[in-house]
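Undergrad: After the structure tokens below, expect a handful of questions from me.
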Amino acid sequence: MATFELYRRSTIGMCLTETLDEMVSSGILSPEHAIQVLVQFDKSMTEALETQVKSKVTIKGHLHTYRFCDNVWTFILQDAVFKSEECQETVNHVKIVACDSKLLTQ
């Protein structure tokens, strides 16, 4: 299964990377094992989002910037409103990165 590494830039991904860096620096973990952990993290995040997340969200806001490069869309929204069945939340700025999931199965 191919995966994207974009989840590494999430809060949990950054914390995992920092922890692995500390473990490698202190000699607790080899760099090779740290890379294996990150690859497994990428696979696990992709699988969890595909199989366990059932919520639908509607997003509306002012489109400030958008890009399409290497089959990856990046959207920067201002005053974005996220609506789900349970709640609604407004944020000043949000960056959305979207990749074609069909690329994972190639």
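In the structure tokens, chains take letters A, B, ... by order of appearance, with residues numbered from 1 within each chain and ligands from 1 in the order shown.
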So that I can check the surroundings of A:Arg8, please list as a list in words every protein, DNA and RNA residue that reaches within 10 Å of it, counting only C-alpha atoms and ignoring chain neighbours fewer than 5 positions away.
TA: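 The contact residues come out as Gly13, Met14, Cys15, Leu16, Thr17, Leu38, Val39, Phe41, Asp42 and Met45 of chain A.
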Undergrad: Need the shell around A:Ile96: protein/DNA/RNA residues with any atom at most 9 Å away, counting only C-alpha atoms. Skip same-chain ones fewer than 2 positions apart. Format as a list in words?
TA: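 Skipping anything fewer than 2 positions along the chain leaves Trp73, Thr74, Phe75, Ile76, Leu77, Val94 and Ala98 of chain A.
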Undergrad: Would you mind exporting the chosen residues as a compact mmCIF listing (two decimals), in the first residue's frame, restricted to C-alpha atoms?
TA:
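This is the output file result01.txt:
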# COMPACT_ATOMS: atom_id res chain seq x y z
CA TRP A 73 -4.50 20.39 -4.00
CA THR A 74 -3.77 23.05 -1.38
CA PHE A 75 -6.49 25.49 -0.34
CA ILE A 76 -6.10 28.44 2.03
CA LEU A 77 -9.46 29.62 3.37
CA VAL A 94 -7.33 27.14 7.54
CA ALA A 98 -6.10 17.15 -0.47
Undergrad: Using only C-alpha atoms, which protein or nucleic acid residues come within 9 Å of stretch 58-61 of chain A? Drop anything in the same chain fewer than 6 positions from it, and give the result as a ChimeraX atom specification.
TA: /A:77-84
Undergrad: Would you compute the distance between atom CA of A:Leu6 and atom CA of A:Gln88? Give it in Å to one decimal.
TA: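 Atom-to-atom, atom CA of A:Leu6 to atom CA of A:Gln88, that is 25.6 Å.
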Undergrad: With only C-alpha atoms as the atoms that count, which of A:Gln52, A:Tyr7, A:His62, A:Ser44 lies nearest to A:Cys99?
TA: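 Result for the nearest residue to A:Cys99: A:Tyr7.
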Undergrad: Quick one: distance from atom CA of A:Val97 to atom CA of A:Ser55 in Å, one decimal?
TA: 18.0 Å
Undergrad: Return the single residue from A:Gln40, A:Lys102, A:Lys95, A:Ser30 that is closest to A:Ser10, with distances computed using only C-alpha atoms.
TA: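 That would be A:Lys95, the residue with the smallest distance to A:Ser10.
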Undergrad: Let's see if you can do this: from backbone DSSP, list all strand (DSSP E) residues in chain A, as an MDAnalysis selection string.
TA: chainID A and resid 58:69 72:83 88:99
Undergrad: Taking the DSSP secondary structure from the backbone, can you list the residues of stretch 18-89 of chain A that are helix (DSSP H, G or I), as a list in words?
TA: Glu18, Thr19, Leu20, Asp21, Glu22, Met23, Val24, Ser25, Pro31, Glu32, His33, Ala34, Ile35, Gln36, Val37, Leu38, Val39, Gln40, Phe41, Asp42, Lys43, Ser44, Met45, Thr46, Glu47, Ala48, Leu49, Glu50 and Thr51 of chain A
Undergrad: Residues of stretch 29-83 of chain A that have any atom at most 8 Å from an atom of stretch 20-24 of chain A: could you tabulate them with the shortest-distance atom pair and the distance in Å to one decimal, using only C-alpha atoms, ordered by chain and increasing number, as JSON lines?
TA:
{"residue": "A:Leu29", "atom": "CA", "partner": "A:Val24", "partner_atom": "CA", "distance": 4.8}
{"residue": "A:Ser30", "atom": "CA", "partner": "A:Val24", "partner_atom": "CA", "distance": 5.7}
{"residue": "A:Pro31", "atom": "CA", "partner": "A:Val24", "partner_atom": "CA", "distance": 6.0}
{"residue": "A:Ala34", "atom": "CA", "partner": "A:Leu20", "partner_atom": "CA", "distance": 5.9}
Undergrad: Just write the chosen residues, C-alpha atoms, as a PDB file, in the first residue's frame.
TA:
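What landed in result-v6.pdb:
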ATOM      1  CA  LEU A  29      16.433   3.797  18.744  1.00  0.00           C
ATOM      2  CA  SER A  30      18.315   3.370  15.492  1.00  0.00           C
ATOM      3  CA  PRO A  31      17.568   5.740  12.590  1.00  0.00           C
ATOM      4  CA  ALA A  34      12.651   5.434  13.433  1.00  0.00           C
TER       5      ALA A  34
END
Undergrad: Provide the atom CA of A:Glu47 to atom CA of A:Ile12 distance in Å, to one decimal place.
TA: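 Going from atom CA of A:Glu47 over to atom CA of A:Ile12, I get 15.8 Å.
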